[in-house]
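The structure file entry08.csv is reproduced below (CSV, C-alpha atoms).
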```csv
chain,number,residue,atom,x,y,z
M,1,MET,CA,84.2,100.0,102.5
M,2,GLY,CA,87.2,98.9,100.6
M,3,LEU,CA,88.5,95.3,100.4
M,4,VAL,CA,92.0,94.8,101.8
M,5,ILE,CA,94.1,92.2,100.0
M,6,ALA,CA,97.6,91.3,101.2
M,7,ILE,CA,100.1,89.9,98.7
M,8,ILE,CA,102.2,87.5,100.7
M,9,SER,CA,105.0,84.9,100.3
M,10,GLY,CA,107.1,82.8,102.5
M,11,LYS,CA,110.6,83.6,101.2
M,12,GLY,CA,111.6,86.7,99.4
M,13,GLY,CA,112.3,87.0,95.7
M,14,VAL,CA,109.4,85.1,94.4
M,15,GLY,CA,107.8,88.0,92.5
M,16,LYS,CA,105.5,89.4,95.3
M,17,THR,CA,106.2,93.1,94.5
M,18,THR,CA,105.8,92.4,90.7
M,19,ALA,CA,102.5,90.7,91.4
M,20,SER,CA,101.4,93.6,93.7
M,21,ALA,CA,102.2,96.2,91.0
M,22,ASN,CA,100.6,94.3,88.2
M,23,LEU,CA,97.5,93.2,90.0
M,24,ALA,CA,96.9,96.7,91.4
M,25,LEU,CA,97.2,98.2,88.0
M,26,GLY,CA,95.1,95.4,86.5
M,27,ILE,CA,92.3,96.1,89.0
M,28,ALA,CA,92.6,99.9,88.2
M,29,GLN,CA,92.3,99.1,84.5
M,30,ASN,CA,89.0,97.4,85.2
M,31,GLY,CA,87.7,100.8,86.3
M,32,ILE,CA,88.1,100.2,90.1
M,33,LYS,CA,89.7,102.7,92.4
M,34,CYS,CA,92.7,101.0,93.8
M,35,VAL,CA,95.7,101.8,96.0
M,36,ALA,CA,98.9,99.8,96.3
M,37,VAL,CA,100.7,100.1,99.6
M,38,ASP,CA,104.3,99.1,100.1
M,39,PHE,CA,104.4,97.4,103.5
M,40,ASP,CA,108.0,96.2,103.1
M,41,ILE,CA,109.4,98.9,105.4
M,42,GLY,CA,113.1,99.5,104.9
M,43,GLN,CA,113.2,97.9,101.4
M,44,ARG,CA,111.0,100.1,99.3
M,45,ASN,CA,110.7,98.3,96.0
M,46,LEU,CA,107.2,98.8,94.8
M,47,ASP,CA,107.9,102.4,93.8
M,48,MET,CA,110.6,101.2,91.4
M,49,ILE,CA,108.3,98.6,89.8
M,50,LEU,CA,105.6,101.2,89.3
M,51,GLY,CA,108.0,103.8,88.0
M,52,LEU,CA,107.1,106.3,90.8
M,53,GLU,CA,110.3,106.4,92.8
M,54,ASN,CA,111.0,110.0,91.9
M,55,ARG,CA,107.6,111.1,93.1
M,56,VAL,CA,107.8,109.9,96.6
M,57,VAL,CA,107.8,112.7,99.2
M,58,TYR,CA,106.0,111.2,102.2
M,59,ASP,CA,105.8,107.5,103.2
M,60,MET,CA,103.2,105.4,105.0
M,61,VAL,CA,105.1,105.5,108.4
M,62,GLN,CA,104.9,109.3,108.3
M,63,VAL,CA,101.2,109.1,107.6
M,64,MET,CA,100.8,106.7,110.6
M,65,ASP,CA,102.8,109.0,112.8
M,66,LYS,CA,100.8,112.1,111.6
M,67,GLU,CA,103.8,113.8,110.1
M,68,ALA,CA,101.9,113.9,106.8
M,69,THR,CA,98.3,113.4,105.7
M,70,LEU,CA,97.2,110.5,103.6
M,71,LYS,CA,96.3,112.9,100.8
M,72,GLN,CA,99.9,114.4,100.8
M,73,ALA,CA,101.5,110.9,100.7
M,74,LEU,CA,99.3,109.3,98.0
M,75,ILE,CA,100.9,109.3,94.6
M,76,LYS,CA,98.8,109.0,91.5
M,77,SER,CA,99.9,106.6,88.8
M,78,LYS,CA,101.1,107.9,85.5
M,79,VAL,CA,99.3,105.2,83.6
M,80,SER,CA,95.9,104.9,85.3
M,81,ASP,CA,93.6,107.5,86.9
M,82,ASN,CA,92.3,104.8,89.2
M,83,LEU,CA,95.6,103.7,90.7
M,84,TYR,CA,97.3,105.3,93.6
M,85,PHE,CA,100.4,104.4,95.5
M,86,LEU,CA,101.6,104.7,99.1
M,87,ALA,CA,105.4,104.3,99.6
M,88,ALA,CA,107.2,102.3,102.3
M,89,SER,CA,109.5,104.1,104.7
M,90,GLN,CA,113.2,103.7,103.8
M,91,THR,CA,114.7,105.1,107.0
M,92,LYS,CA,112.6,103.4,109.6
M,93,ASP,CA,113.0,99.7,110.4
M,94,LYS,CA,110.3,97.0,110.4
M,95,THR,CA,109.6,97.3,114.1
M,96,ALA,CA,108.3,100.8,113.4
M,97,LEU,CA,104.8,99.4,112.8
M,98,GLU,CA,102.2,99.3,115.6
M,99,SER,CA,98.9,97.5,115.3
M,100,SER,CA,96.7,100.5,116.3
M,101,LYS,CA,98.4,102.8,113.8
M,102,VAL,CA,98.3,100.2,111.1
M,103,LYS,CA,94.6,99.8,111.7
M,104,GLU,CA,93.9,103.5,111.6
M,105,LEU,CA,95.8,103.8,108.3
M,106,ILE,CA,94.0,100.9,106.7
M,107,ASP,CA,90.6,102.1,107.9
M,108,GLU,CA,91.3,105.5,106.2
M,109,LEU,CA,92.3,103.7,103.0
M,110,LYS,CA,89.2,101.6,103.1
M,111,SER,CA,87.0,104.7,103.2
M,112,GLU,CA,88.8,106.2,100.1
M,113,PHE,CA,89.4,103.1,97.9
M,114,GLU,CA,87.5,100.1,96.7
M,115,TYR,CA,90.6,97.8,96.6
M,116,ILE,CA,93.6,98.1,98.9
M,117,ILE,CA,96.6,96.0,97.8
M,118,LEU,CA,99.3,95.5,100.5
M,119,ASP,CA,102.7,94.4,99.3
M,120,ALA,CA,103.9,92.4,102.3
M,121,PRO,CA,107.4,91.7,103.5
M,122,ALA,CA,108.4,88.0,103.2
M,123,GLY,CA,106.5,85.8,105.7
M,124,ILE,CA,109.6,85.0,107.7
M,125,GLU,CA,110.4,88.7,108.3
M,126,SER,CA,109.0,91.0,111.0
M,127,GLY,CA,106.5,93.4,109.7
M,128,TYR,CA,104.7,90.5,107.9
M,129,GLU,CA,102.3,90.0,110.8
M,130,HIS,CA,101.3,93.6,110.7
M,131,THR,CA,100.5,93.5,107.0
M,132,ILE,CA,98.2,90.5,107.3
M,133,GLU,CA,96.6,91.6,110.6
M,134,PHE,CA,93.8,93.6,109.0
M,135,ALA,CA,93.6,92.0,105.6
M,136,ASP,CA,90.2,90.6,104.3
M,137,SER,CA,92.0,88.2,102.1
M,138,ALA,CA,95.5,87.2,101.1
M,139,ILE,CA,97.1,86.1,97.9
M,140,VAL,CA,100.1,83.8,98.4
M,141,VAL,CA,102.8,84.0,95.7
M,142,VAL,CA,105.0,80.9,95.2
M,143,ASN,CA,107.5,79.7,92.6
M,144,PRO,CA,107.3,76.0,91.6
M,145,GLU,CA,110.3,75.3,93.7
M,146,VAL,CA,110.7,73.5,97.1
M,147,SER,CA,111.9,76.3,99.4
M,148,SER,CA,109.3,78.8,98.2
M,149,ILE,CA,106.5,76.3,98.7
M,150,ARG,CA,107.7,75.2,102.1
M,151,ASP,CA,108.1,78.7,103.4
M,152,ALA,CA,104.7,79.7,101.9
M,153,ASP,CA,103.1,77.0,104.1
M,154,ARG,CA,104.6,78.6,107.2
M,155,ALA,CA,103.4,82.1,106.0
M,156,ILE,CA,99.9,80.7,105.6
M,157,GLY,CA,100.2,79.2,109.1
M,158,ILE,CA,101.0,82.6,110.6
M,159,LEU,CA,98.1,84.1,108.6
M,160,ASP,CA,95.7,81.6,110.1
M,161,SER,CA,96.8,82.4,113.6
M,162,LYS,CA,97.5,86.1,113.6
M,163,SER,CA,94.9,87.8,111.4
M,164,GLN,CA,92.2,89.8,113.1
M,165,LYS,CA,89.5,88.2,111.0
M,166,VAL,CA,90.6,84.7,112.3
M,167,LYS,CA,90.7,86.1,115.9
M,168,ASP,CA,87.1,87.3,115.3
M,169,GLY,CA,86.1,83.8,114.4
M,170,GLU,CA,85.9,84.5,110.7
M,171,GLU,CA,88.1,83.1,107.9
M,172,VAL,CA,90.7,84.9,105.8
M,173,ASP,CA,90.2,84.1,102.2
M,174,LYS,CA,93.4,82.7,100.8
M,175,TYR,CA,94.4,82.3,97.2
M,176,LEU,CA,97.5,81.1,95.4
M,177,ILE,CA,99.4,82.5,92.5
M,178,ILE,CA,102.1,80.2,91.0
M,179,ASN,CA,104.6,82.5,89.5
M,180,ARG,CA,107.5,81.8,87.0
M,181,ILE,CA,106.0,78.6,85.6
M,182,ASN,CA,108.2,77.1,82.9
M,183,PRO,CA,105.8,75.0,80.8
M,184,LYS,CA,108.6,72.9,79.1
M,185,MET,CA,110.1,71.9,82.5
M,186,VAL,CA,106.6,71.0,83.8
M,187,GLN,CA,106.0,68.9,80.8
M,188,SER,CA,109.3,67.0,81.2
M,189,GLY,CA,108.7,66.4,84.9
M,190,GLU,CA,111.5,68.6,86.0
M,191,MET,CA,109.2,71.2,87.6
M,192,LEU,CA,106.3,70.8,90.1
M,193,ASN,CA,102.9,71.2,88.3
M,194,SER,CA,100.1,73.2,89.8
M,195,GLU,CA,98.1,70.2,90.9
M,196,ASP,CA,101.1,69.0,93.0
M,197,ILE,CA,101.5,72.4,94.6
M,198,LEU,CA,97.8,72.7,95.4
M,199,ASP,CA,97.8,69.2,96.9
M,200,ILE,CA,100.6,70.2,99.2
M,201,LEU,CA,99.4,73.7,100.2
M,202,ASN,CA,95.7,73.0,100.1
M,203,ILE,CA,94.4,76.5,99.1
M,204,LYS,CA,92.5,77.8,96.1
M,205,LEU,CA,94.3,78.7,93.0
M,206,ILE,CA,93.7,82.2,91.5
M,207,GLY,CA,96.4,82.3,88.8
M,208,LYS,CA,99.3,80.8,87.0
M,209,ILE,CA,101.9,83.1,85.7
M,210,PRO,CA,104.4,81.8,83.1
M,211,GLU,CA,108.1,82.7,83.3
M,212,ASP,CA,108.6,85.7,81.2
M,213,LYS,CA,111.8,87.5,80.4
M,214,GLY,CA,109.8,90.7,79.8
M,215,VAL,CA,109.3,91.0,83.5
M,216,ILE,CA,112.9,92.2,84.1
M,217,ASP,CA,112.8,94.5,81.1
M,218,ALA,CA,109.5,96.0,82.5
M,219,SER,CA,111.0,96.5,85.9
M,220,ASN,CA,114.1,98.1,84.4
M,221,GLN,CA,111.8,100.7,82.8
M,222,GLY,CA,109.4,101.1,85.7
M,223,LYS,CA,106.5,100.0,83.5
M,224,PRO,CA,104.6,97.0,84.9
M,225,ILE,CA,104.5,94.1,82.5
M,226,ILE,CA,100.7,94.2,82.3
M,227,LEU,CA,101.1,97.2,80.0
M,228,ASP,CA,102.9,95.0,77.4
M,229,LYS,CA,100.1,93.6,75.2
M,230,ASN,CA,102.3,90.8,73.7
M,231,SER,CA,103.5,89.4,77.0
M,232,LYS,CA,102.2,86.1,78.3
M,233,ALA,CA,102.8,87.1,81.9
M,234,ALA,CA,100.8,90.3,81.2
M,235,GLN,CA,97.8,88.3,79.9
M,236,ALA,CA,98.0,86.0,83.0
M,237,TYR,CA,98.1,89.0,85.4
M,238,LYS,CA,95.1,90.5,83.5
M,239,ARG,CA,93.1,87.3,84.1
M,240,VAL,CA,94.0,87.2,87.8
M,241,ALA,CA,93.0,90.9,88.2
M,242,SER,CA,89.7,90.2,86.5
M,243,ARG,CA,89.1,87.3,88.8
M,244,MET,CA,89.9,89.5,91.8
M,245,CYS,CA,87.2,92.0,90.5
M,246,GLY,CA,84.7,89.2,90.6
M,247,GLU,CA,84.6,88.3,86.9
M,248,LYS,CA,84.4,84.6,86.1
M,249,VAL,CA,87.6,83.9,84.0
M,250,ASP,CA,88.6,80.2,83.5
M,251,LEU,CA,92.0,79.2,84.6
M,252,GLU,CA,94.2,78.8,81.5
M,253,ASP,CA,96.3,75.7,81.2
M,254,ILE,CA,99.6,77.4,80.6
M,255,GLU,CA,101.6,74.4,81.7
M,256,SER,CA,100.7,72.3,78.6
M,257,GLN,CA,101.1,75.2,76.2
M,258,LYS,CA,103.7,74.9,73.6
M,259,ASP,CA,105.4,77.8,71.9
M,260,GLY,CA,108.2,78.5,69.4
M,261,LEU,CA,109.4,76.7,66.4
M,262,PHE,CA,111.2,73.8,68.2
M,263,SER,CA,108.1,72.7,70.1
M,264,LYS,CA,106.0,73.0,67.0
M,265,ILE,CA,108.4,70.6,65.2
M,266,SER,CA,108.7,68.2,68.2
M,267,GLY,CA,105.0,68.3,68.5
M,268,ILE,CA,104.7,66.5,65.1
M,269,PHE,CA,106.4,63.5,66.5
M,270,LYS,CA,104.2,63.1,69.5
E,1,MET,CA,124.8,54.7,81.5
E,2,PHE,CA,121.2,53.5,81.6
E,3,GLY,CA,120.8,55.4,84.8
E,4,ILE,CA,119.4,58.4,83.1
E,5,PHE,CA,116.5,56.5,81.7
E,6,LYS,CA,115.5,55.1,85.1
E,7,ARG,CA,116.0,58.4,87.0
E,8,LYS,CA,112.9,59.4,88.9
E,9,LYS,CA,111.5,62.7,87.6
E,10,SER,CA,112.7,65.4,89.9
E,11,ALA,CA,109.3,67.1,90.2
E,12,LYS,CA,108.1,63.8,91.8
E,13,ILE,CA,111.0,63.8,94.2
E,14,ALA,CA,110.2,67.5,95.1
E,15,LYS,CA,106.6,66.6,95.9
E,16,ASP,CA,107.5,63.7,98.1
E,17,ARG,CA,110.2,65.7,100.0
E,18,LEU,CA,107.8,68.7,100.4
E,19,THR,CA,105.0,66.5,101.7
E,20,ILE,CA,107.1,65.2,104.5
E,21,ALA,CA,108.9,68.5,105.3
E,22,ILE,CA,105.7,70.5,105.5
E,23,MET,CA,104.1,67.9,107.7
E,24,SER,CA,107.0,68.1,110.0
E,25,ASP,CA,106.8,71.9,110.0
E,26,ARG,CA,103.1,71.8,110.9
E,27,GLY,CA,104.0,69.8,114.0
E,28,ASN,CA,103.0,66.3,112.9
E,29,GLY,CA,106.6,65.3,112.3
E,30,ASP,CA,106.2,61.8,113.8
E,31,SER,CA,103.5,60.8,111.4
E,32,TYR,CA,102.8,60.2,107.8
E,33,PRO,CA,99.6,61.0,105.8
E,34,PHE,CA,99.3,57.4,104.8
E,35,ILE,CA,99.6,56.0,108.3
E,36,GLU,CA,95.9,55.3,108.8
E,37,ASP,CA,95.6,53.5,105.5
E,38,MET,CA,98.7,51.5,106.3
E,39,LYS,CA,97.4,50.5,109.7
E,40,GLN,CA,94.2,49.2,108.2
E,41,GLU,CA,96.1,47.1,105.6
E,42,ILE,CA,98.4,45.6,108.2
E,43,LEU,CA,95.3,44.9,110.4
E,44,ASP,CA,93.6,43.1,107.5
E,45,VAL,CA,96.6,40.9,106.9
E,46,VAL,CA,97.2,40.0,110.5
E,47,LYS,CA,93.5,39.4,111.2
E,48,LYS,CA,93.5,36.6,108.6
E,49,TYR,CA,95.7,34.6,111.0
E,50,ILE,CA,95.0,35.9,114.5
E,51,GLU,CA,92.6,38.1,116.5
E,52,VAL,CA,93.9,41.6,116.9
E,53,LYS,CA,92.8,44.2,119.5
E,54,ASN,CA,94.8,47.2,118.6
E,55,ILE,CA,97.6,48.4,116.5
E,56,ARG,CA,100.0,51.3,117.1
E,57,ILE,CA,102.5,52.7,114.6
E,58,GLU,CA,105.2,55.2,115.7
E,59,LYS,CA,108.0,56.8,113.9
E,60,GLU,CA,111.3,56.6,115.8
E,61,VAL,CA,114.3,58.7,115.0
E,62,ASP,CA,117.6,58.0,116.7
E,63,ALA,CA,120.7,59.8,115.2
E,64,ASP,CA,120.9,58.5,111.7
E,65,ILE,CA,118.4,55.7,112.0
E,66,GLU,CA,114.7,56.2,111.2
E,67,ALA,CA,112.4,53.4,112.0
E,68,LEU,CA,108.7,52.6,112.2
E,69,SER,CA,107.8,50.6,115.3
E,70,ILE,CA,104.6,48.6,115.0
E,71,ASP,CA,102.9,47.3,118.1
E,72,ILE,CA,100.1,44.8,117.5
E,73,GLU,CA,98.1,44.0,120.6
E,74,LEU,CA,96.5,40.6,120.3
E,75,ASP,CA,92.9,39.9,121.4
E,76,ILE,CA,93.1,36.9,123.8
E,77,LYS,CA,89.9,35.8,125.4
```
Could you write out this file's structure as structure tokens?
Amino acid sequence: MGLVIAIISGKGGVGKTTASANLALGIAQNGIKCVAVDFDIGQRNLDMILGLENRVVYDMVQVMDKEATLKQALIKSKVSDNLYFLAASQTKDKTALESSKVKELIDELKSEFEYIILDAPAGIESGYEHTIEFADSAIVVVNPEVSSIRDADRAIGILDSKSQKVKDGEEVDKYLIINRINPKMVQSGEMLNSEDILDILNIKLIGKIPEDKGVIDASNQGKPIILDKNSKAAQAYKRVASRMCGEKVDLEDIESQKDGLFSKISGIFK
Amino acid sequence: MFGIFKRKKSAKIAKDRLTIAIMSDRGNGDSYPFIEDMKQEILDVVKKYIEVKNIRIEKEVDADIEALSIDIELDIK
């Protein structure tokens, strides 16, 4: 039976879809059969990030409504034989989801795949509750910035009260990804560091992703950044994906890292 | 002009503001995480001078005024 992992956030625009695409691909690159499902009904962004927008014929709402089979709707990735993608509906609105149908779809995915990555709508939107309802674990994506962290706390609160696992008396595993870390700003005290964020949110850290201009370039081309061997964000995503696959990979201290000529010079005077 | 040297780092301000905001969101808006420690310290000071039975600290908000009201019940035998 596959493992269902919801990628969630409080507010939108923190890099949730980018994280979903890169982690799903990273898991697939570890030799594990994985599917990425876009649960952000009406928005449909994951297909663009994965570069599969032209291949979408059927979406997940059509599968839930039996207008198409899962096999018809699944799209195989161009870059990994282990990665499949299921698109969000663009025409339906977020109220289109019903618990029983969502459960049926997820159960079917669990019998086909080892890892099921759900790209959730932002925690403050409707449709979020349906995404987390049948998840075994959740990865919360935040930026080191006040509104993102505050809203993440609310999204975690909803997770703790609405998930089926919690209702069954179990616990949903929750992990944090801090995305868009600017090491220089953290060093100068202008950006919250990961310890501060963990103090406030009180959940386990699974990864720190540095700010990386390459992410936009990658999304422009529909090639997830994890494919770029020279990118720091790619290396960070690879480490998170390996941790998700159960490998023991130490957390790298990207916040105190220095790069570029300027910091090398200024480093001399420290 | 010396203000910039004394300015509190904004990451610290962010952490302080978030701590309070999130506590309020979680429904403990009329309390602070340090309240129990503070109670104990006040008790220790007052007890040096007089017997104390109980202490209550409450946050009161009225329009633009925020105050802590501290009630100390004395132990009179």
Contact residues around region 128-138 of chain M with all atoms listed in the file at 9 Å, ignoring same-chain residues under 2 positions, as a VMD selection string: chain M and resid 3 to 8 39 to 40 94 97 to 99 102 to 103 106 118 to 126 140 155 158 to 159 162 to 165 171 to 176
Distance-based interface of chain M with chain E, 9 Å, counting all atoms listed in the file, as a ChimeraX atom specification: /M:145-147,149-151,153-154,157,186,188-193,196-197,200-201
Using the selection just defined, write its residues with C-alpha atoms as a compact mmCIF listing (two decimals), in the frame of the given file.
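New file result.txt:
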```txt
# COMPACT_ATOMS: atom_id res chain seq x y z
CA GLU M 145 110.30 75.30 93.70
CA VAL M 146 110.70 73.50 97.10
CA SER M 147 111.90 76.30 99.40
CA ILE M 149 106.50 76.30 98.70
CA ARG M 150 107.70 75.20 102.10
CA ASP M 151 108.10 78.70 103.40
CA ASP M 153 103.10 77.00 104.10
CA ARG M 154 104.60 78.60 107.20
CA GLY M 157 100.20 79.20 109.10
CA VAL M 186 106.60 71.00 83.80
CA SER M 188 109.30 67.00 81.20
CA GLY M 189 108.70 66.40 84.90
CA GLU M 190 111.50 68.60 86.00
CA MET M 191 109.20 71.20 87.60
CA LEU M 192 106.30 70.80 90.10
CA ASN M 193 102.90 71.20 88.30
CA ASP M 196 101.10 69.00 93.00
CA ILE M 197 101.50 72.40 94.60
CA ILE M 200 100.60 70.20 99.20
CA LEU M 201 99.40 73.70 100.20
```
Å distance separating CA of Val141 (chain M) from CA of Val57 (chain M), one decimal place: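 CA of Val57 (chain M) lies at a distance of 29.3 Å from CA of Val141 (chain M).
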Exercise: region 46-55 of chain E partners within 8 Å, all atoms listed in the file, chain neighbours under 3 positions left out, as a ChimeraX atom specification: /E:39,42-43,70-76
Distance of CA of Phe85 (chain M) from CA of Lys232 (chain M), expressed in Å to one decimal place: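 Separation of CA of Lys232 (chain M) and CA of Phe85 (chain M): 25.2 Å.
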